[in-house]
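Peer 1: I am attaching a structure below and will ask some questions about it afterwards.
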Amino acid sequence: MIALESVAARRRPLSLAGVSVAWGPGVHAVLGAREDGGALLLALVAGAARPRSGRVTVLDGAATAPGVRARVAMVLLDPVLPDALRVDETMALAADIRGEPARDPAERLRALGIEALAARPVRSLSPPEARAVAVTEAVTSSRVRVLLVEEPLLSMDPRAAALLPERLRARAADGCAVVVLTTSPRDAAEIADDHVLLRRGAVSARVTSIDALTDGSPGGARIRVVAHDARDARMLVAALAREDGVEGVAQDGASVVARGRDAVSLARTVGRAAVGASLDVTEMHVEPLRDGEASGLEAPR
Amino acid sequence: MIPALARLPVARLLRTPRTWIAAGAWYALAIGMAVLMRRRAASHGADDVLVEACGALVLPLVAYTLAGAALGARSVAASTAAVAAFGASRVRAAAATVGVGVTASAIAGGLLAATVAIVAHGAADPPVARDALVSGYVGALGGAAYAAWFSLGAGFGGRGGGRLVALLVDWVLGAGGGTTALFAPRAHLRNLLGGAPPVDLSQRASAMALGVLAVACALGAVGRARA
């Protein structure tokens, strides 16, 4: 249904390199931020951007083909709706353009509980309401076979947000490919069947369980702990050296940096070590771990 | 497909009060000057108002307002983004948008010129009915050419700021009678309304030039939808 083969693309400041992914009917999550190239990936599938190299196939055709584009709906964080129309007129216009039979717009809006917006001018909608209208148009269209939704539960009208996961899964069960782009593992786990981790323009992992994705983070996790003073920090380093699950530890004045396989178990371990050594911890936070940085920490034993 | 795609620019035109206030103000200025000329009993009242006020100032500004309103005060590409999101061809959407702006401007220009010709009619002007008819035709042609000209301008600049540049270029180029004036609607419209021709061009040639300018600029504007 959707296939990207060795796709490279660039739309400043975003870029994608060597992305190959195939999606059939179902709900699929792309975990990553816009800066990781997620929005560009959606734009490629929607035919709104062209790859520099590689091939993008959607519904057995080129993503940019007119017959394909009418069957693909993309809802970004800042959707563009026809500014001078009312919501019901917008739904009717979309139906005409997509070439689907006319239906009562209020009935379509009711699918996500926003029928009260039918008579409102689009200009008067708040951003969450506008997103709700855009996603309702996509979800209720009989012609749309591919739905691309950025952050489905973020900045979304609460009435629509409550019903959206169920509606997206219903469309997937109906044979549609639904791709959600999100930075939230929780939203991805709630909505999607499988997950692709997009990192700096490349697919770094592809799993069916969100837990596997966190556990399998290739760089592991790093936590910085700020102790009361350098003496306490030295004691914490000694305590962490006795803990399993700490793969590396380093001290910098009153700060201790510990590295482990995943953030949750590492945080538990650090907490246990600090309590065991009767140390006061001023601050503790997870730090992003860049590729190749892990070697900078010494093994505790 | 085109009628569906025309719904949005038509709604922008009809539902933006600012458009009607601005266009109405320019109309009022032209009609006011026509009335003044009538009271003075000027022998060439219609000619004077059509050339000096209508063609040189009011008609371009009315077309500027209407073309901008049809585009939603955006660039050509941005004005089609909403319908393109539903799968519409950007080129078709731009054609519908530019078409609505050109049509509205042609109607407004025709009505404006015909009304001014009637109100400011002087003793030495051609018979009033014929003058109104010819002025209406010239106003419509000028309005269409100007709307296409400004639509092409709106193809450039982040928010279609090229529209303002197009207005200034027309005023600068069209003010003279040299070769460069041939590329500005202003010079041809002035010639058709009875003013000084650019490089001694006949009125028939100026009418053809306006038509060519209108078509070329409209095609150029539609092409900018891909930008």
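Convention: chains lettered A, B, ... in structure tokens order; per-chain residue numbering from 1; ligands numbered from 1 as shown.
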Do me a favour and pick out the residues of chain B within 10 Å of chain A, using only C-alpha atoms, as a PDB file with N, CA and C atoms, in the first residue's frame.
Peer 2:
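Result file is iface38.pdb:
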```pdb
ATOM      1  N   MET B   1     -14.919  19.881 -11.989  1.00  0.00           N
ATOM      2  CA  MET B   1     -13.960  20.153 -10.914  1.00  0.00           C
ATOM      3  C   MET B   1     -13.763  21.657 -10.702  1.00  0.00           C
ATOM      4  N   ILE B   2     -13.693  22.402 -11.839  1.00  0.00           N
ATOM      5  CA  ILE B   2     -13.426  23.841 -11.720  1.00  0.00           C
ATOM      6  C   ILE B   2     -14.490  24.553 -10.877  1.00  0.00           C
ATOM      7  N   PRO B   3     -15.823  24.282 -11.105  1.00  0.00           N
ATOM      8  CA  PRO B   3     -16.787  24.979 -10.254  1.00  0.00           C
ATOM      9  C   PRO B   3     -16.544  24.723  -8.766  1.00  0.00           C
ATOM     10  N   ALA B   4     -16.188  23.498  -8.400  1.00  0.00           N
ATOM     11  CA  ALA B   4     -15.904  23.212  -6.990  1.00  0.00           C
ATOM     12  C   ALA B   4     -14.687  24.003  -6.533  1.00  0.00           C
ATOM     13  N   LEU B   5     -13.664  24.052  -7.384  1.00  0.00           N
ATOM     14  CA  LEU B   5     -12.454  24.770  -7.005  1.00  0.00           C
ATOM     15  C   LEU B   5     -12.677  26.280  -6.957  1.00  0.00           C
ATOM     16  N   ARG B   7     -15.248  27.669  -5.673  1.00  0.00           N
ATOM     17  CA  ARG B   7     -16.049  28.040  -4.495  1.00  0.00           C
ATOM     18  C   ARG B   7     -15.243  28.851  -3.481  1.00  0.00           C
ATOM     19  N   LEU B   8     -14.011  28.432  -3.266  1.00  0.00           N
ATOM     20  CA  LEU B   8     -13.203  29.103  -2.247  1.00  0.00           C
ATOM     21  C   LEU B   8     -12.869  30.545  -2.635  1.00  0.00           C
ATOM     22  N   PRO B   9     -12.330  30.797  -3.851  1.00  0.00           N
ATOM     23  CA  PRO B   9     -12.064  32.202  -4.184  1.00  0.00           C
ATOM     24  C   PRO B   9     -13.327  33.058  -4.254  1.00  0.00           C
ATOM     25  N   VAL B  10     -14.444  32.467  -4.693  1.00  0.00           N
ATOM     26  CA  VAL B  10     -15.694  33.238  -4.720  1.00  0.00           C
ATOM     27  C   VAL B  10     -16.105  33.603  -3.288  1.00  0.00           C
ATOM     28  N   ALA B  11     -15.987  32.633  -2.374  1.00  0.00           N
ATOM     29  CA  ALA B  11     -16.322  32.914  -0.972  1.00  0.00           C
ATOM     30  C   ALA B  11     -15.399  33.978  -0.394  1.00  0.00           C
ATOM     31  N   ARG B  12     -14.127  33.918  -0.768  1.00  0.00           N
ATOM     32  CA  ARG B  12     -13.192  34.948  -0.274  1.00  0.00           C
ATOM     33  C   ARG B  12     -13.627  36.327  -0.736  1.00  0.00           C
ATOM     34  N   LEU B  13     -14.070  36.411  -2.002  1.00  0.00           N
ATOM     35  CA  LEU B  13     -14.497  37.702  -2.544  1.00  0.00           C
ATOM     36  C   LEU B  13     -15.755  38.213  -1.854  1.00  0.00           C
ATOM     37  N   LEU B  14     -16.720  37.304  -1.681  1.00  0.00           N
ATOM     38  CA  LEU B  14     -18.025  37.725  -1.186  1.00  0.00           C
ATOM     39  C   LEU B  14     -18.050  37.910   0.328  1.00  0.00           C
ATOM     40  N   ARG B  15     -17.181  37.215   1.041  1.00  0.00           N
ATOM     41  CA  ARG B  15     -17.287  37.210   2.500  1.00  0.00           C
ATOM     42  C   ARG B  15     -16.185  37.987   3.204  1.00  0.00           C
ATOM     43  N   THR B  16     -15.444  38.772   2.445  1.00  0.00           N
ATOM     44  CA  THR B  16     -14.412  39.589   3.093  1.00  0.00           C
ATOM     45  C   THR B  16     -14.853  41.048   3.044  1.00  0.00           C
ATOM     46  N   GLY B  72      -6.983  35.443  -1.341  1.00  0.00           N
ATOM     47  CA  GLY B  72      -6.935  35.424   0.121  1.00  0.00           C
ATOM     48  C   GLY B  72      -5.735  36.170   0.661  1.00  0.00           C
ATOM     49  N   ALA B  78       0.181  29.471  -1.978  1.00  0.00           N
ATOM     50  CA  ALA B  78      -0.433  29.348  -0.654  1.00  0.00           C
ATOM     51  C   ALA B  78      -1.955  29.395  -0.747  1.00  0.00           C
ATOM     52  N   SER B  79      -2.468  30.152  -1.715  1.00  0.00           N
ATOM     53  CA  SER B  79      -3.922  30.281  -1.819  1.00  0.00           C
ATOM     54  C   SER B  79      -4.579  28.972  -2.263  1.00  0.00           C
ATOM     55  N   THR B  80      -3.789  28.078  -2.849  1.00  0.00           N
ATOM     56  CA  THR B  80      -4.361  26.807  -3.311  1.00  0.00           C
ATOM     57  C   THR B  80      -4.067  25.650  -2.351  1.00  0.00           C
ATOM     58  N   ALA B  81      -3.324  25.934  -1.285  1.00  0.00           N
ATOM     59  CA  ALA B  81      -2.882  24.854  -0.384  1.00  0.00           C
ATOM     60  C   ALA B  81      -4.057  24.105   0.242  1.00  0.00           C
ATOM     61  N   ALA B  82      -5.112  24.852   0.584  1.00  0.00           N
ATOM     62  CA  ALA B  82      -6.226  24.211   1.285  1.00  0.00           C
ATOM     63  C   ALA B  82      -6.939  23.180   0.412  1.00  0.00           C
ATOM     64  N   VAL B  83      -7.133  23.493  -0.851  1.00  0.00           N
ATOM     65  CA  VAL B  83      -7.815  22.524  -1.726  1.00  0.00           C
ATOM     66  C   VAL B  83      -6.849  21.447  -2.209  1.00  0.00           C
ATOM     67  N   ALA B  84      -5.560  21.809  -2.323  1.00  0.00           N
ATOM     68  CA  ALA B  84      -4.563  20.802  -2.698  1.00  0.00           C
ATOM     69  C   ALA B  84      -4.478  19.725  -1.614  1.00  0.00           C
ATOM     70  N   ALA B  85      -4.745  20.109  -0.369  1.00  0.00           N
ATOM     71  CA  ALA B  85      -4.701  19.131   0.729  1.00  0.00           C
ATOM     72  C   ALA B  85      -5.784  18.063   0.565  1.00  0.00           C
ATOM     73  N   PHE B  86      -6.836  18.373  -0.171  1.00  0.00           N
ATOM     74  CA  PHE B  86      -7.890  17.377  -0.430  1.00  0.00           C
ATOM     75  C   PHE B  86      -7.615  16.591  -1.711  1.00  0.00           C
ATOM     76  N   GLY B  87      -6.476  16.848  -2.324  1.00  0.00           N
ATOM     77  CA  GLY B  87      -6.093  16.092  -3.514  1.00  0.00           C
ATOM     78  C   GLY B  87      -6.301  16.835  -4.820  1.00  0.00           C
ATOM     79  N   ALA B  88      -6.721  18.102  -4.748  1.00  0.00           N
ATOM     80  CA  ALA B  88      -6.933  18.856  -5.990  1.00  0.00           C
ATOM     81  C   ALA B  88      -5.591  19.204  -6.621  1.00  0.00           C
ATOM     82  N   SER B  89      -5.584  19.301  -7.949  1.00  0.00           N
ATOM     83  CA  SER B  89      -4.378  19.733  -8.655  1.00  0.00           C
ATOM     84  C   SER B  89      -4.139  21.205  -8.344  1.00  0.00           C
TER      85      SER B  89
END
```
Peer 1: Set the distance at 9 Å and use only C-alpha atoms: which residues neighbour B:Gly162 once local chain neighbours fewer than 6 positions away are removed? I'd like the list as a list of chain:residue names.
Peer 2: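 Residues meeting the cut-off are B:Ser75, B:Phe150, B:Ser151, B:Leu152, B:Gly153, B:Ala154, B:Gly155, B:Phe156.
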Peer 1: Could the residues in this selection be saved with N, CA and C atoms as an mmCIF file, in the first residue's frame?
Peer 2:
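What landed in result18.cif:
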```cif
data_model
loop_
_atom_site.group_PDB
_atom_site.id
_atom_site.type_symbol
_atom_site.label_atom_id
_atom_site.label_comp_id
_atom_site.auth_asym_id
_atom_site.auth_seq_id
_atom_site.Cartn_x
_atom_site.Cartn_y
_atom_site.Cartn_z
ATOM 1 N N SER B 75 0.146 34.236 -1.463
ATOM 2 C CA SER B 75 0.772 33.921 -2.750
ATOM 3 C C SER B 75 -0.138 32.948 -3.501
ATOM 4 N N PHE B 150 -1.698 41.404 -11.557
ATOM 5 C CA PHE B 150 -1.467 41.335 -10.109
ATOM 6 C C PHE B 150 -1.399 39.883 -9.618
ATOM 7 N N SER B 151 -2.146 38.998 -10.256
ATOM 8 C CA SER B 151 -2.076 37.580 -9.874
ATOM 9 C C SER B 151 -0.685 37.031 -10.155
ATOM 10 N N LEU B 152 -0.126 37.437 -11.296
ATOM 11 C CA LEU B 152 1.246 37.008 -11.600
ATOM 12 C C LEU B 152 2.199 37.563 -10.535
ATOM 13 N N GLY B 153 1.988 38.821 -10.173
ATOM 14 C CA GLY B 153 2.824 39.408 -9.112
ATOM 15 C C GLY B 153 2.721 38.619 -7.823
ATOM 16 N N ALA B 154 1.498 38.148 -7.506
ATOM 17 C CA ALA B 154 1.291 37.389 -6.263
ATOM 18 C C ALA B 154 1.949 36.015 -6.311
ATOM 19 N N GLY B 155 2.448 35.636 -7.470
ATOM 20 C CA GLY B 155 3.192 34.377 -7.544
ATOM 21 C C GLY B 155 4.568 34.497 -6.937
ATOM 22 N N PHE B 156 4.949 35.700 -6.598
ATOM 23 C CA PHE B 156 6.297 35.920 -6.044
ATOM 24 C C PHE B 156 6.172 36.539 -4.649
#
```
Peer 1: Which neighbours of stretch 210-227 of chain B fall inside 10 Å, counting only C-alpha atoms, when residues of the same chain fewer than 5 positions from it are skipped, and could you give them as number ranges by chain?
Peer 2: B: 75-81, 89-99, 102, 138, 141-156, 182-189, 192, 204-205
Peer 1: Which residues are close to B:Val51, i.e. within 12 Å by only C-alpha atoms, leaving aside same-chain residues fewer than 6 positions away? Reply as an MDAnalysis selection string.
Peer 2: chainID B and resid 30 33:34 44:45 57:59 113 116:117 120 135 138:139 186:197
Peer 1: A:Val270: which residues within 9 Å, counting only C-alpha atoms, same-chain residues fewer than 2 positions away excluded, as a list in words?
Peer 2: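 Within the cut-off, the hits are Ile223, Val225, Leu236, Ala239, Leu240, Glu243, Val246, Ala258, Ser265, Leu266, Ala267, Arg268, Arg272, Ala273, Ala274 and Val275 of chain A.
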Peer 1: Any chance you could list, as an NGL selection string, the residues in stretch 57-177 of chain A that come up strand (DSSP E) when DSSP is run on the backbone?
Peer 2: :A and (57-58 or 61-62 or 72-75 or 146-150 or 177)
Peer 1: Let me make sure I understand: among A:Gly253, A:Glu150, A:Gly201, A:Ala62, which one has the smallest atom-to-atom distance to A:Arg11 if we use only C-alpha atoms?
Peer 2: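 Using only C-alpha atoms, the shortest distance to A:Arg11 belongs to A:Gly201.
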Peer 1: Just asking: which residues within stretch 75-158 of chain A are alpha helix (DSSP H) according to DSSP, as a PyMOL selection string?
Peer 2: chain A and resi 87-98+105-110+127-140+158
Peer 1: Please compute the atom CA of B:Gly109-atom CA of B:Ser43 distance, one decimal, in Å.
Peer 2: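 Interatomic distance, atom CA of B:Gly109 to atom CA of B:Ser43: 23.7 Å.
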Peer 1: For each of A:Val56, A:Val149, A:Leu181, A:Leu154, take the minimum atom-to-atom distance to A:Asp36, counting only C-alpha atoms, then give the residue where this is smallest.
Peer 2: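 Under the stated criterion, the closest residue is A:Leu181.
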